[in-house]
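Asker: Sharing run13.cif, mmCIF, C-alpha atoms and all ligand atoms:
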```cif
data_work
#
loop_
_atom_site.group_PDB
_atom_site.id
_atom_site.type_symbol
_atom_site.label_atom_id
_atom_site.label_comp_id
_atom_site.auth_asym_id
_atom_site.auth_seq_id
_atom_site.Cartn_x
_atom_site.Cartn_y
_atom_site.Cartn_z
ATOM 1 C CA MET A 1 22.529 74.562 12.041
ATOM 2 C CA THR A 2 19.164 73.887 10.405
ATOM 3 C CA HIS A 3 18.939 73.020 6.736
ATOM 4 C CA GLU A 4 16.043 72.821 4.308
ATOM 5 C CA TYR A 5 17.176 69.874 2.198
ATOM 6 C CA ILE A 6 19.603 67.829 4.295
ATOM 7 C CA LEU A 7 20.077 66.514 7.803
ATOM 8 C CA THR A 8 23.471 66.343 9.449
ATOM 9 C CA ARG A 9 24.655 64.537 12.530
ATOM 10 C CA THR A 10 27.745 62.939 13.984
ATOM 11 C CA GLU A 11 28.375 59.504 15.447
ATOM 12 C CA GLY A 12 31.716 59.541 17.230
ATOM 13 C CA ARG A 13 34.252 60.664 14.645
ATOM 14 C CA VAL A 14 31.903 60.117 11.706
ATOM 15 C CA GLY A 15 30.055 63.038 10.110
ATOM 16 C CA ILE A 16 26.810 62.093 8.383
ATOM 17 C CA VAL A 17 25.069 64.096 5.651
ATOM 18 C CA GLN A 18 21.627 62.790 4.731
ATOM 19 C CA PHE A 19 19.584 64.138 1.828
ATOM 20 C CA ASN A 20 16.135 65.057 3.104
ATOM 21 C CA ARG A 21 14.012 65.590 0.024
ATOM 22 C CA SER A 22 12.505 62.157 -0.199
ATOM 23 C CA LYS A 23 9.212 63.229 -1.858
ATOM 24 C CA ALA A 24 11.254 64.188 -4.938
ATOM 25 C CA LEU A 25 13.474 61.104 -4.512
ATOM 26 C CA ASN A 26 16.233 63.431 -3.308
ATOM 27 C CA ALA A 27 16.520 65.132 -6.699
ATOM 28 C CA LEU A 28 19.591 67.313 -6.453
ATOM 29 C CA ASN A 29 18.328 70.886 -6.692
ATOM 30 C CA SER A 30 20.693 73.779 -6.115
ATOM 31 C CA GLY A 31 19.610 74.205 -2.487
ATOM 32 C CA LEU A 32 20.334 70.570 -1.665
ATOM 33 C CA MET A 33 23.693 70.642 -3.428
ATOM 34 C CA SER A 34 24.752 73.879 -1.825
ATOM 35 C CA GLU A 35 23.775 72.700 1.684
ATOM 36 C CA THR A 36 25.504 69.362 1.096
ATOM 37 C CA MET A 37 28.768 70.952 0.035
ATOM 38 C CA ASP A 38 28.691 73.407 2.953
ATOM 39 C CA ALA A 39 28.148 70.485 5.349
ATOM 40 C CA LEU A 40 30.971 68.484 3.750
ATOM 41 C CA ASP A 41 33.324 71.468 3.995
ATOM 42 C CA ALA A 42 32.387 71.933 7.653
ATOM 43 C CA PHE A 43 33.072 68.258 8.483
ATOM 44 C CA ASP A 44 36.302 68.403 6.496
ATOM 45 C CA ALA A 45 37.477 71.342 8.598
ATOM 46 C CA ASP A 46 36.471 69.738 11.914
ATOM 47 C CA ASP A 47 39.319 67.882 13.685
ATOM 48 C CA ALA A 48 36.769 65.849 15.639
ATOM 49 C CA ILE A 49 35.636 64.195 12.391
ATOM 50 C CA GLY A 50 37.731 61.539 10.658
ATOM 51 C CA CYS A 51 35.435 60.251 7.924
ATOM 52 C CA ILE A 52 32.168 61.348 6.288
ATOM 53 C CA VAL A 53 29.111 59.390 5.152
ATOM 54 C CA VAL A 54 26.707 60.774 2.535
ATOM 55 C CA THR A 55 23.350 59.078 2.244
ATOM 56 C CA GLY A 56 19.785 59.461 1.042
ATOM 57 C CA SER A 57 16.629 57.571 1.952
ATOM 58 C CA GLU A 58 15.838 53.883 1.620
ATOM 59 C CA ARG A 59 13.901 54.462 -1.645
ATOM 60 C CA ALA A 60 16.444 56.742 -3.261
ATOM 61 C CA PHE A 61 19.980 57.895 -2.697
ATOM 62 C CA ALA A 62 19.210 60.551 -5.349
ATOM 63 C CA ALA A 63 17.275 60.279 -8.625
ATOM 64 C CA GLY A 64 19.500 62.810 -10.352
ATOM 65 C CA ALA A 65 19.735 66.527 -10.829
ATOM 66 C CA ASP A 66 16.391 68.278 -10.481
ATOM 67 C CA ILE A 67 14.866 67.971 -13.956
ATOM 68 C CA LYS A 68 12.208 70.578 -13.177
ATOM 69 C CA GLU A 69 14.881 73.087 -12.210
ATOM 70 C CA MET A 70 16.864 72.740 -15.463
ATOM 71 C CA ALA A 71 14.138 71.911 -18.008
ATOM 72 C CA ASP A 72 13.960 75.444 -19.462
ATOM 73 C CA ALA A 73 17.627 76.355 -19.147
ATOM 74 C CA THR A 74 19.747 77.701 -21.997
ATOM 75 C CA PRO A 75 23.336 76.491 -22.558
ATOM 76 C CA ALA A 76 24.588 79.795 -21.125
ATOM 77 C CA GLU A 77 22.508 79.317 -17.984
ATOM 78 C CA MET A 78 23.707 75.726 -17.582
ATOM 79 C CA MET A 79 27.300 76.897 -17.983
ATOM 80 C CA ALA A 80 26.823 79.680 -15.465
ATOM 81 C CA SER A 81 25.064 77.415 -12.971
ATOM 82 C CA PRO A 82 27.102 76.577 -9.880
ATOM 83 C CA PHE A 83 26.010 72.936 -10.282
ATOM 84 C CA ILE A 84 29.226 71.519 -11.722
ATOM 85 C CA GLY A 85 31.278 73.482 -9.216
ATOM 86 C CA TYR A 86 29.743 71.380 -6.442
ATOM 87 C CA TRP A 87 31.439 68.297 -7.893
ATOM 88 C CA ASP A 88 34.754 70.145 -7.943
ATOM 89 C CA ARG A 89 34.212 71.024 -4.295
ATOM 90 C CA LEU A 90 33.489 67.377 -3.508
ATOM 91 C CA ARG A 91 36.804 66.437 -5.107
ATOM 92 C CA GLN A 92 38.551 68.893 -2.805
ATOM 93 C CA ILE A 93 37.293 67.217 0.382
ATOM 94 C CA GLY A 94 40.428 65.783 2.002
ATOM 95 C CA LYS A 95 38.771 63.330 4.368
ATOM 96 C CA PRO A 96 37.410 60.023 3.107
ATOM 97 C CA VAL A 97 33.773 60.227 1.990
ATOM 98 C CA ILE A 98 31.610 57.096 1.841
ATOM 99 C CA ALA A 99 28.313 57.027 -0.058
ATOM 100 C CA ALA A 100 25.679 54.813 1.579
ATOM 101 C CA VAL A 101 23.332 54.025 -1.299
ATOM 102 C CA SER A 102 19.877 52.485 -1.182
ATOM 103 C CA GLY A 103 17.328 52.559 -3.996
ATOM 104 C CA TYR A 104 17.845 54.846 -6.976
ATOM 105 C CA ALA A 105 21.235 56.404 -7.669
ATOM 106 C CA LEU A 106 20.528 57.887 -11.079
ATOM 107 C CA GLY A 107 22.075 60.567 -13.255
ATOM 108 C CA GLY A 108 23.670 63.181 -11.024
ATOM 109 C CA GLY A 109 22.858 60.937 -8.031
ATOM 110 C CA CYS A 110 24.977 58.163 -9.492
ATOM 111 C CA GLU A 111 27.675 60.679 -10.404
ATOM 112 C CA LEU A 112 27.681 61.996 -6.859
ATOM 113 C CA ALA A 113 28.019 58.487 -5.391
ATOM 114 C CA MET A 114 30.873 57.767 -7.802
ATOM 115 C CA ALA A 115 32.621 61.001 -6.837
ATOM 116 C CA CYS A 116 32.777 59.724 -3.249
ATOM 117 C CA ASP A 117 35.687 57.479 -2.237
ATOM 118 C CA MET A 118 33.712 54.334 -1.508
ATOM 119 C CA ILE A 119 30.170 53.077 -1.896
ATOM 120 C CA VAL A 120 28.306 50.823 0.516
ATOM 121 C CA ALA A 121 25.165 49.636 -1.271
ATOM 122 C CA SER A 122 21.919 48.175 -0.066
ATOM 123 C CA GLU A 123 20.615 45.165 -1.999
ATOM 124 C CA THR A 124 17.956 47.490 -3.406
ATOM 125 C CA ALA A 125 20.434 49.945 -4.907
ATOM 126 C CA ARG A 126 20.100 50.716 -8.622
ATOM 127 C CA PHE A 127 22.793 52.648 -10.442
ATOM 128 C CA GLY A 128 22.032 54.315 -13.741
ATOM 129 C CA GLN A 129 22.824 57.143 -16.116
ATOM 130 C CA PRO A 130 19.428 57.478 -17.812
ATOM 131 C CA GLU A 131 20.062 60.981 -19.204
ATOM 132 C CA ILE A 132 19.600 59.572 -22.725
ATOM 133 C CA ASN A 133 15.880 59.310 -21.916
ATOM 134 C CA LEU A 134 15.837 63.083 -21.413
ATOM 135 C CA GLY A 135 17.627 63.806 -24.677
ATOM 136 C CA VAL A 136 20.941 64.602 -22.983
ATOM 137 C CA ILE A 137 24.035 62.805 -21.665
ATOM 138 C CA PRO A 138 25.677 62.751 -18.226
ATOM 139 C CA GLY A 139 27.398 66.050 -17.432
ATOM 140 C CA ALA A 140 29.008 65.522 -14.032
ATOM 141 C CA GLY A 141 31.411 62.704 -14.774
ATOM 142 C CA GLY A 142 29.076 59.792 -15.569
ATOM 143 C CA THR A 143 30.554 58.827 -18.921
ATOM 144 C CA GLN A 144 34.076 58.983 -17.507
ATOM 145 C CA ARG A 145 33.826 57.544 -14.008
ATOM 146 C CA MET A 146 31.344 54.822 -14.940
ATOM 147 C CA THR A 147 33.470 53.696 -17.889
ATOM 148 C CA LEU A 148 36.594 53.618 -15.720
ATOM 149 C CA ALA A 149 34.716 51.552 -13.147
ATOM 150 C CA VAL A 150 32.740 49.042 -15.206
ATOM 151 C CA GLY A 151 34.455 49.092 -18.620
ATOM 152 C CA LYS A 152 33.328 50.239 -22.044
ATOM 153 C CA ALA A 153 30.861 47.482 -22.937
ATOM 154 C CA LEU A 154 28.597 47.926 -19.957
ATOM 155 C CA ALA A 155 29.076 51.697 -19.766
ATOM 156 C CA MET A 156 27.909 52.008 -23.376
ATOM 157 C CA GLU A 157 24.782 50.009 -22.606
ATOM 158 C CA MET A 158 24.096 52.283 -19.645
ATOM 159 C CA MET A 159 24.724 55.535 -21.531
ATOM 160 C CA LEU A 160 23.075 54.548 -24.833
ATOM 161 C CA ASN A 161 20.174 52.502 -23.537
ATOM 162 C CA GLY A 162 19.598 53.789 -20.012
ATOM 163 C CA ARG A 163 20.337 50.375 -18.490
ATOM 164 C CA TYR A 164 20.473 50.273 -14.689
ATOM 165 C CA LEU A 165 22.937 48.173 -12.710
ATOM 166 C CA THR A 166 21.640 46.126 -9.804
ATOM 167 C CA ALA A 167 23.598 46.231 -6.570
ATOM 168 C CA ASP A 168 25.099 42.809 -7.300
ATOM 169 C CA GLU A 169 26.153 43.885 -10.801
ATOM 170 C CA ALA A 170 27.701 47.017 -9.333
ATOM 171 C CA LEU A 171 29.658 44.851 -6.898
ATOM 172 C CA LYS A 172 30.729 42.420 -9.593
ATOM 173 C CA HIS A 173 32.065 45.270 -11.730
ATOM 174 C CA GLY A 174 33.874 47.048 -8.912
ATOM 175 C CA LEU A 175 31.623 50.094 -8.694
ATOM 176 C CA VAL A 176 30.765 49.478 -5.034
ATOM 177 C CA ASN A 177 32.666 48.141 -2.042
ATOM 178 C CA ARG A 178 29.992 45.933 -0.566
ATOM 179 C CA VAL A 179 26.328 45.031 -0.799
ATOM 180 C CA VAL A 180 24.354 44.486 2.395
ATOM 181 C CA PRO A 181 20.676 44.087 3.329
ATOM 182 C CA ALA A 182 18.574 47.260 3.125
ATOM 183 C CA GLU A 183 17.950 47.284 6.896
ATOM 184 C CA VAL A 184 21.642 47.678 7.686
ATOM 185 C CA TYR A 185 23.239 49.552 4.789
ATOM 186 C CA LEU A 186 23.551 52.848 6.629
ATOM 187 C CA ASN A 187 24.843 51.224 9.811
ATOM 188 C CA GLU A 188 27.377 49.262 7.776
ATOM 189 C CA ALA A 189 28.575 52.425 6.075
ATOM 190 C CA ILE A 190 28.867 54.212 9.421
ATOM 191 C CA LYS A 191 30.719 51.216 10.892
ATOM 192 C CA LEU A 192 33.206 51.259 8.020
ATOM 193 C CA ALA A 193 33.555 55.035 8.349
ATOM 194 C CA ALA A 194 34.140 54.707 12.108
ATOM 195 C CA GLU A 195 37.001 52.246 11.521
ATOM 196 C CA ILE A 196 38.590 54.552 8.956
ATOM 197 C CA ALA A 197 38.062 57.578 11.201
ATOM 198 C CA GLU A 198 40.320 56.010 13.849
ATOM 199 C CA ARG A 199 43.315 55.970 11.503
ATOM 200 C CA ALA A 200 46.116 58.516 11.129
ATOM 201 C CA PRO A 201 44.452 61.625 9.643
ATOM 202 C CA ILE A 202 47.284 62.923 7.474
ATOM 203 C CA ALA A 203 48.077 59.475 6.080
ATOM 204 C CA LEU A 204 44.372 59.067 5.275
ATOM 205 C CA ARG A 205 44.348 62.277 3.269
ATOM 206 C CA LEU A 206 47.483 61.377 1.359
ATOM 207 C CA ALA A 207 46.330 57.807 0.688
ATOM 208 C CA LYS A 208 43.108 59.173 -0.783
ATOM 209 C CA GLU A 209 45.024 61.712 -2.837
ATOM 210 C CA ALA A 210 47.424 59.069 -4.153
ATOM 211 C CA VAL A 211 44.653 56.679 -5.228
ATOM 212 C CA ASN A 212 42.751 59.495 -6.950
ATOM 213 C CA ALA A 213 45.932 60.484 -8.781
ATOM 214 C CA VAL A 214 45.593 57.284 -10.826
ATOM 215 C CA TYR A 215 42.888 59.049 -12.834
ATOM 216 C CA GLU A 216 45.049 62.065 -13.572
ATOM 217 C CA MET A 217 48.568 60.739 -14.200
ATOM 218 C CA SER A 218 50.632 58.251 -16.149
ATOM 219 C CA LEU A 219 51.898 55.266 -14.126
ATOM 220 C CA GLN A 220 55.411 56.684 -13.994
ATOM 221 C CA THR A 221 54.270 60.100 -12.758
ATOM 222 C CA GLY A 222 51.837 58.456 -10.353
ATOM 223 C CA LEU A 223 54.554 56.257 -8.866
ATOM 224 C CA ALA A 224 56.811 59.264 -8.368
ATOM 225 C CA TYR A 225 53.939 61.226 -6.839
ATOM 226 C CA GLU A 226 53.168 58.382 -4.436
ATOM 227 C CA ARG A 227 56.820 58.172 -3.407
ATOM 228 C CA HIS A 228 56.951 61.902 -2.618
ATOM 229 C CA LEU A 229 53.804 61.680 -0.527
ATOM 230 C CA PHE A 230 55.309 58.655 1.240
ATOM 231 C CA TYR A 231 58.545 60.544 2.035
ATOM 232 C CA SER A 232 56.601 63.553 3.292
ATOM 233 C CA LEU A 233 54.809 61.422 5.868
ATOM 234 C CA PHE A 234 58.138 60.902 7.632
ATOM 235 C CA SER A 235 57.873 64.517 8.735
ATOM 236 C CA THR A 236 54.699 63.778 10.721
ATOM 237 C CA ALA A 237 54.453 62.958 14.410
ATOM 238 C CA ASP A 238 51.962 60.259 13.460
ATOM 239 C CA GLN A 239 54.576 58.314 11.485
ATOM 240 C CA LYS A 240 56.915 58.347 14.511
ATOM 241 C CA GLU A 241 54.016 57.390 16.778
ATOM 242 C CA GLY A 242 52.742 54.632 14.479
ATOM 243 C CA MET A 243 56.099 52.946 14.109
ATOM 244 C CA ASP A 244 57.013 53.361 17.783
ATOM 245 C CA ALA A 245 53.649 51.889 18.772
ATOM 246 C CA PHE A 246 54.261 48.896 16.520
ATOM 247 C CA ILE A 247 57.736 48.305 17.926
ATOM 248 C CA ASN A 248 56.528 48.636 21.531
ATOM 249 C CA LYS A 249 53.433 46.525 20.935
ATOM 250 C CA ARG A 250 50.944 49.233 21.914
ATOM 251 C CA LYS A 251 48.027 51.005 20.255
ATOM 252 C CA PRO A 252 49.055 54.235 18.480
ATOM 253 C CA GLU A 253 47.577 57.558 19.525
ATOM 254 C CA TRP A 254 47.220 59.689 16.436
ATOM 255 C CA LYS A 255 47.638 63.423 16.727
ATOM 256 C CA GLY A 256 46.957 64.403 13.121
ATOM 257 C CA LYS A 257 50.313 66.187 13.134
HETATM 258 N N1 LIG B 1 14.170 65.660 -10.851
HETATM 259 C C1 LIG B 1 13.025 66.191 -10.344
HETATM 260 N N2 LIG B 1 12.035 65.453 -9.783
HETATM 261 C C2 LIG B 1 12.209 64.122 -9.728
HETATM 262 C C3 LIG B 1 13.359 63.497 -10.253
HETATM 263 C C4 LIG B 1 14.385 64.334 -10.833
HETATM 264 N N3 LIG B 1 15.546 63.844 -11.297
HETATM 265 N N4 LIG B 1 13.237 62.158 -10.075
HETATM 266 C C5 LIG B 1 12.039 61.967 -9.461
HETATM 267 N N5 LIG B 1 11.427 63.148 -9.254
HETATM 268 C C6 LIG B 1 10.119 63.383 -8.623
HETATM 269 C C7 LIG B 1 8.977 63.052 -9.572
HETATM 270 O O1 LIG B 1 8.734 64.122 -10.449
HETATM 271 C C8 LIG B 1 7.846 62.809 -8.589
HETATM 272 O O2 LIG B 1 7.380 64.062 -8.152
HETATM 273 P P1 LIG B 1 5.779 64.374 -8.077
HETATM 274 O O3 LIG B 1 5.259 64.091 -9.428
HETATM 275 O O4 LIG B 1 5.299 63.410 -7.022
HETATM 276 O O5 LIG B 1 5.710 65.807 -7.655
HETATM 277 C C9 LIG B 1 8.557 62.151 -7.409
HETATM 278 O O6 LIG B 1 9.943 62.504 -7.536
HETATM 279 C C10 LIG B 1 8.464 60.637 -7.420
HETATM 280 O O7 LIG B 1 8.919 60.170 -8.681
HETATM 281 P P2 LIG B 1 8.064 59.184 -9.625
HETATM 282 O O8 LIG B 1 6.594 59.411 -9.431
HETATM 283 O O9 LIG B 1 8.595 59.323 -10.995
HETATM 284 O O10 LIG B 1 8.459 57.784 -8.966
HETATM 285 P P3 LIG B 1 8.531 56.360 -9.696
HETATM 286 O O11 LIG B 1 8.744 55.382 -8.599
HETATM 287 O O12 LIG B 1 7.374 56.168 -10.627
HETATM 288 O O13 LIG B 1 9.860 56.423 -10.608
HETATM 289 C C11 LIG B 1 12.206 56.943 -11.027
HETATM 290 C C12 LIG B 1 11.120 56.544 -9.987
HETATM 291 C C13 LIG B 1 13.487 57.217 -10.301
HETATM 292 C C14 LIG B 1 12.407 55.757 -12.000
HETATM 293 C C15 LIG B 1 11.701 58.171 -11.832
HETATM 294 O O14 LIG B 1 11.348 59.190 -10.895
HETATM 295 C C16 LIG B 1 12.744 58.748 -12.738
HETATM 296 O O15 LIG B 1 13.011 58.194 -13.817
HETATM 297 N N6 LIG B 1 13.344 59.885 -12.348
HETATM 298 C C17 LIG B 1 14.268 60.615 -13.184
HETATM 299 C C18 LIG B 1 15.596 59.916 -13.242
HETATM 300 C C19 LIG B 1 16.574 60.665 -14.178
HETATM 301 O O16 LIG B 1 16.286 60.822 -15.371
HETATM 302 N N7 LIG B 1 17.672 61.130 -13.614
HETATM 303 C C20 LIG B 1 18.663 61.906 -14.391
HETATM 304 C C21 LIG B 1 18.332 63.375 -14.261
HETATM 305 S S1 LIG B 1 19.414 64.374 -15.265
HETATM 306 C C22 LIG B 1 25.225 69.356 -14.892
HETATM 307 C C23 LIG B 1 25.805 68.117 -14.795
HETATM 308 C C24 LIG B 1 25.013 67.010 -14.527
HETATM 309 C C25 LIG B 1 23.637 67.144 -14.386
HETATM 310 C C26 LIG B 1 23.059 68.369 -14.463
HETATM 311 C C27 LIG B 1 23.857 69.497 -14.708
HETATM 312 N N8 LIG B 1 26.047 70.512 -15.231
HETATM 313 C C28 LIG B 1 27.367 70.300 -15.786
HETATM 314 C C29 LIG B 1 25.559 71.839 -14.995
HETATM 315 C C30 LIG B 1 22.844 65.946 -14.131
HETATM 316 C C31 LIG B 1 21.718 65.686 -14.797
HETATM 317 C C32 LIG B 1 20.781 64.631 -14.323
HETATM 318 O O17 LIG B 1 20.958 64.014 -13.298
#
```
Before anything else, please render the file you have as structure tokens.
Answerer:
Amino acid sequence: MTHEYILTRTEGRVGIVQFNRSKALNALNSGLMSETMDALDAFDADDAIGCIVVTGSERAFAAGADIKEMADATPAEMMASPFIGYWDRLRQIGKPVIAAVSGYALGGGCELAMACDMIVASETARFGQPEINLGVIPGAGGTQRMTLAVGKALAMEMMLNGRYLTADEALKHGLVNRVVPAEVYLNEAIKLAAEIAERAPIALRLAKEAVNAVYEMSLQTGLAYERHLFYSLFSTADQKEGMDAFINKRKPEWKGK
């Protein structure tokens, strides 16, 4: 399928979505967001895909929502815009999603990377929520997810003063999984995704769901939720296969059932 704003491809069991609007630093206009979410849904529904990578260009993952598109909007138009719904759709993706980030990840671009499950960053990556410079604040999770990741002190500096985080700072504060040279960041992300994609599909989904539940539940409810997900996995063929393979010293063959 041809797209206007993104490129998609697969490498083995990894589905790759690449923003393709580099002249505008991959600013997230509605066309780009809509194509991205359709591509993510398609990979999520495809049994041949085990893990998804979302990436931009070397200069910018994405420099935020398209300022030109929303500059004249009224509150009612912003509320009616499908924009925020795209983030909800991203949260519904069951397969692991890795953001491969190089260059600018700002505003909505940073929020999108944070809404993914993991971030592989190039040394050139810069994370920021500079909405304050536009007379607004983050609207797609920036104040919440960034604060949960890096803590109040730094998050305040980012939100109130538009401070960017370097890749190393992002690593130090637990926002990203790893920092690698710019020449290899995408390959590293795909390599990590390929390893994950070989694992038991249902367990992957439930592991992701259980970790994300931390943000929604008390510890007690979260522990109970985890336990129920754990029990439910004993109804899968993959649990029987995984444990039998261990006992018989062989490699498991996952069926996703
Ligand atoms: N939107 C539109 N165009 C953008 C853009 C953006 N966010 N960022 C860059 N561009 C365009 C520039 O306008 C320029 O286009 P031309 O002038 O060449 O046509 C081209 O990309 C190259 O940018 P620069 O010439 O500015 O490049 P520099 O290297 O000088 O600067 C920069 C790079 C990343 C520092 C700078 O471009 C910049 O500050 N960009 C804006 C960053 C920003 O403020 N991002 C936050 C946007 S607000 C919502 C929830 C959330 C949101 C929206 C709705 N709802 C609940 C509905 C999210 C809001 C945001 O993300």
Asker: Within 7 Å of range 112-117 of chain A, counting all atoms listed in the file, which residues qualify if same-chain residues fewer than 3 places away don't, as a PDB file with C-alpha atoms, keeping the file's coordinate frame?
Answerer:
```pdb
ATOM      1  CA  PRO A  96      37.410  60.023   3.107  1.00  0.00           C
ATOM      2  CA  VAL A  97      33.773  60.227   1.990  1.00  0.00           C
ATOM      3  CA  ILE A  98      31.610  57.096   1.841  1.00  0.00           C
ATOM      4  CA  ALA A  99      28.313  57.027  -0.058  1.00  0.00           C
ATOM      5  CA  GLY A 108      23.670  63.181 -11.024  1.00  0.00           C
ATOM      6  CA  GLY A 109      22.858  60.937  -8.031  1.00  0.00           C
ATOM      7  CA  ARG A 145      33.826  57.544 -14.008  1.00  0.00           C
TER       8      ARG A 145
END
```
Asker: Could you expand the PyMOL selection byres (((chain A and resi 195-199) around 7) and not hetatm) into the explicit residues it covers here, written as an MDAnalysis selection string?
Answerer: chainID A and resid 13:14 50:51 191:194 200:201
Asker: Around ligand LIG 1 (chain B), at most 6 Å away and counting all atoms listed in the file, which residues are there? Put them as a compact mmCIF listing (two decimals) with C-alpha atoms, keeping the file's coordinate frame, please.
Answerer:
```
# COMPACT_ATOMS: atom_id res chain seq x y z
CA LYS A 23 9.21 63.23 -1.86
CA ALA A 24 11.25 64.19 -4.94
CA LEU A 25 13.47 61.10 -4.51
CA ALA A 27 16.52 65.13 -6.70
CA ALA A 63 17.27 60.28 -8.62
CA GLY A 64 19.50 62.81 -10.35
CA ALA A 65 19.74 66.53 -10.83
CA ASP A 66 16.39 68.28 -10.48
CA ILE A 67 14.87 67.97 -13.96
CA LYS A 68 12.21 70.58 -13.18
CA MET A 78 23.71 75.73 -17.58
CA SER A 81 25.06 77.42 -12.97
CA PHE A 83 26.01 72.94 -10.28
CA ILE A 84 29.23 71.52 -11.72
CA TYR A 104 17.84 54.85 -6.98
CA LEU A 106 20.53 57.89 -11.08
CA GLY A 107 22.08 60.57 -13.26
CA GLY A 108 23.67 63.18 -11.02
CA PRO A 130 19.43 57.48 -17.81
CA GLU A 131 20.06 60.98 -19.20
CA PRO A 138 25.68 62.75 -18.23
CA GLY A 139 27.40 66.05 -17.43
CA ALA A 140 29.01 65.52 -14.03
```
Asker: One decimal, in Å: what's the spacing between CA of Ala62 in chain A and CA of Asn26 in chain A?
Answerer: 4.6 Å
Asker: For range 62-153 of chain A versus range 182-189 of chain A, which residues have an atom no more than 6 Å away, and what is each residue's nearest atom pair and distance in Å rounded to one decimal, using only C-alpha atoms, chain-then-number order, as JSON lines?
Answerer:
```
{"residue": "A:Ala100", "atom": "CA", "partner": "A:Leu186", "partner_atom": "CA", "distance": 5.8}
{"residue": "A:Val120", "atom": "CA", "partner": "A:Ala189", "partner_atom": "CA", "distance": 5.8}
{"residue": "A:Ser122", "atom": "CA", "partner": "A:Ala182", "partner_atom": "CA", "distance": 4.7}
{"residue": "A:Glu123", "atom": "CA", "partner": "A:Ala182", "partner_atom": "CA", "distance": 5.9}
```
Asker: Could you tell me which residues the PyMOL selection byres (((chain A and resi 5) around 8) and not hetatm) grabs in this file, written as a ChimeraX atom specification?
Answerer: /A:3-4,6-7,19-21,31-32,35
Asker: Would you kindly translate the PyMOL selection byres (((chain A and resi 176-178) around 7) and not hetatm) into the concrete residues it picks from this file, as number ranges by chain?
Answerer: A: 118-121, 170-171, 174-175, 179-180
Asker: Extract, using all atoms listed in the file, all DNA, RNA and protein residues at most 10 Å from Gly85 in chain A, discarding same-chain residues fewer than 3 positions from it, and format them as a list of chain:residue names.
Answerer: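 These residues fall inside the cut-off: A:Met33, A:Ser34, A:Met37, A:Ala80, A:Ser81, A:Pro82, A:Asp88, A:Arg89, A:Leu90, A:Arg91, A:Ala140.
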Asker: Separation of CA of Ala42 in chain A and CA of Ala213 in chain A, in Å?
Answerer: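 Computing the Euclidean distance for CA of Ala42 in chain A and CA of Ala213 in chain A yields 24.2 Å.
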Asker: Nearest to Gln18 in chain A among A:Thr147, A:Val54, A:His173, A:Thr236, with distances taken over all atoms listed in the file: which residue is it?
Answerer: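 Answer, going by the shortest atom-to-atom distance: A:Val54.
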Asker: Quick one: pull the distance between CA of Thr124 in chain A and CA of Gly103 in chain A, Å, one decimal.
Answerer: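 These atoms are spaced 5.1 Å apart.
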Asker: So which residues touch Ile132 in chain A within 9 Å, counting only C-alpha atoms, skipping near sequence neighbours fewer than 4 positions away, as an MDAnalysis selection string?
Answerer: chainID A and resid 136:138 159:162
Asker: Keeping only C-alpha atoms, take the residues you just selected and write them out as a PDB file, in the coordinates of the input.
Answerer:
```
ATOM      1  CA  VAL A 136      20.941  64.602 -22.983  1.00  0.00           C
ATOM      2  CA  ILE A 137      24.035  62.805 -21.665  1.00  0.00           C
ATOM      3  CA  PRO A 138      25.677  62.751 -18.226  1.00  0.00           C
ATOM      4  CA  MET A 159      24.724  55.535 -21.531  1.00  0.00           C
ATOM      5  CA  LEU A 160      23.075  54.548 -24.833  1.00  0.00           C
ATOM      6  CA  ASN A 161      20.174  52.502 -23.537  1.00  0.00           C
ATOM      7  CA  GLY A 162      19.598  53.789 -20.012  1.00  0.00           C
TER       8      GLY A 162
END
```
Asker: Let me make sure I understand: among A:Leu40, A:Gly242, A:Glu58, A:Glu209, which one has the smallest atom-to-atom distance to Tyr86 in chain A if we use only C-alpha atoms?
Answerer: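 Answer, going by the shortest atom-to-atom distance: A:Leu40.
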Asker: Which residue gives the smallest distance to Glu226 in chain A among A:Leu148, A:Ala207, A:Ile190, A:Val53, with all atoms listed in the file counted?
Answerer: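 Closest candidate: A:Ala207.
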